[in-house]
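Report on the structure given below.
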Amino acid sequence: ALPQKYQRILTTEIYDHRVEKLINNYFEIPNFVELQFEESKLVTIESGLFQVPNYRTKQNLLTLLLMNEEWYTKTIVFVNTQVTCQNLYKSLDRRYEGEISTLDARYMGHVSYDSIKDFKESSSRVLLIVRDEETLYDVSGVPEVFNFDIPTVHDMYVDLVDTDSY
């Protein structure tokens, strides 16, 4: 159903005998364009995983971990929804009153900051952030970062750190 004149384009990362055979069978006068990319600077961040059976256990585990005030001096916790943020804030604030804050809180009574920079300069120890798919968060300089919920978009887990700040 193709017109008499048309173009074929083949992109491949690997060029071997199978690709060459494909080109010879389907391309009359092939042109090759080879691209080489600069190696990007990758930042490796040490990660850990806690497998827990349900929300309540996850909440209790976070509360238990935060008891170590020497280790968790500044901590950011990412959540997926406002409801989770509000529930987690209430739970943690009961235990660590005055140490818990949120980013751009929409609820009265929450300690809130407009930016992560404000949190870094504050006396609050924990910052809860409702993950926004369109925002890249610069968490450099914050020793501990938790993903309380698994991000719905893969890039939200990978792109937490602006590599230029290292």
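Here's how to read the names in the structure tokens: chain A, B, ... by the order shown, residue numbers from 1 in each chain, ligand numbers from 1 in the order shown.
The list of residues with at least one atom within 10 Å of stretch 30-36 of chain A, based on only C-alpha atoms and without residues fewer than 4 positions apart in the same chain, reads Arg8, Ile9, Leu10, Thr11, Thr12, Glu13, Ile23, Asn24 and Tyr26 of chain A.
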A:Leu128 environment, 12 Å, only C-alpha atoms, sequence neighbours closer than 2 positions dropped, as JSON, numbers by chain
{"A": [74, 75, 76, 77, 78, 79, 80, 81, 82, 83, 84, 85, 86, 87, 88, 89, 90, 92, 93, 99, 100, 101, 102, 103, 104, 105, 110, 111, 112, 113, 115, 116, 119, 124, 125, 126, 130, 131, 145, 146, 147, 148, 149]}
Could you give me the residues within chain A that DSSP places in alpha helix (DSSP H), as a PyMOL selection string?
chain A and resi 17-26+55-65+82-95+116-120+154-158
Could you check the closest approach to A:Ser122 for each of A:Arg94, A:Thr73, A:Pro53, A:Thr152 and tell me which residue wins, using only C-alpha atoms?
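Of all the options, A:Thr73 lies closest to A:Ser122.
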A:Lys120, A:Arg18, A:Gly98, A:Ile150: which is nearest A:Gln51, counting only C-alpha atoms?
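Under the stated criterion, the closest residue is A:Ile150.
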Length of the atom CA of A:Gly141 to atom CA of A:Glu121 vector [Å]
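Computing the Euclidean distance for atom CA of A:Gly141 and atom CA of A:Glu121 yields 11.1 Å.
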Please give the complete set of residues from stretch 51-132 of chain A that DSSP, run on the backbone, assigns to strand (DSSP E or B), formatted as a PyMOL selection string.
chain A and resi 75-79+100-103+112-113+126-130
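Taking atom CA of A:Arg56 as the reference point, atom CA of A:Leu127 is found at 19.4 Å.
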Pairwise distance for atom CA of A:Pro143 and atom CA of A:Ser123, rounded to one decimal in Å:
14.9 Å
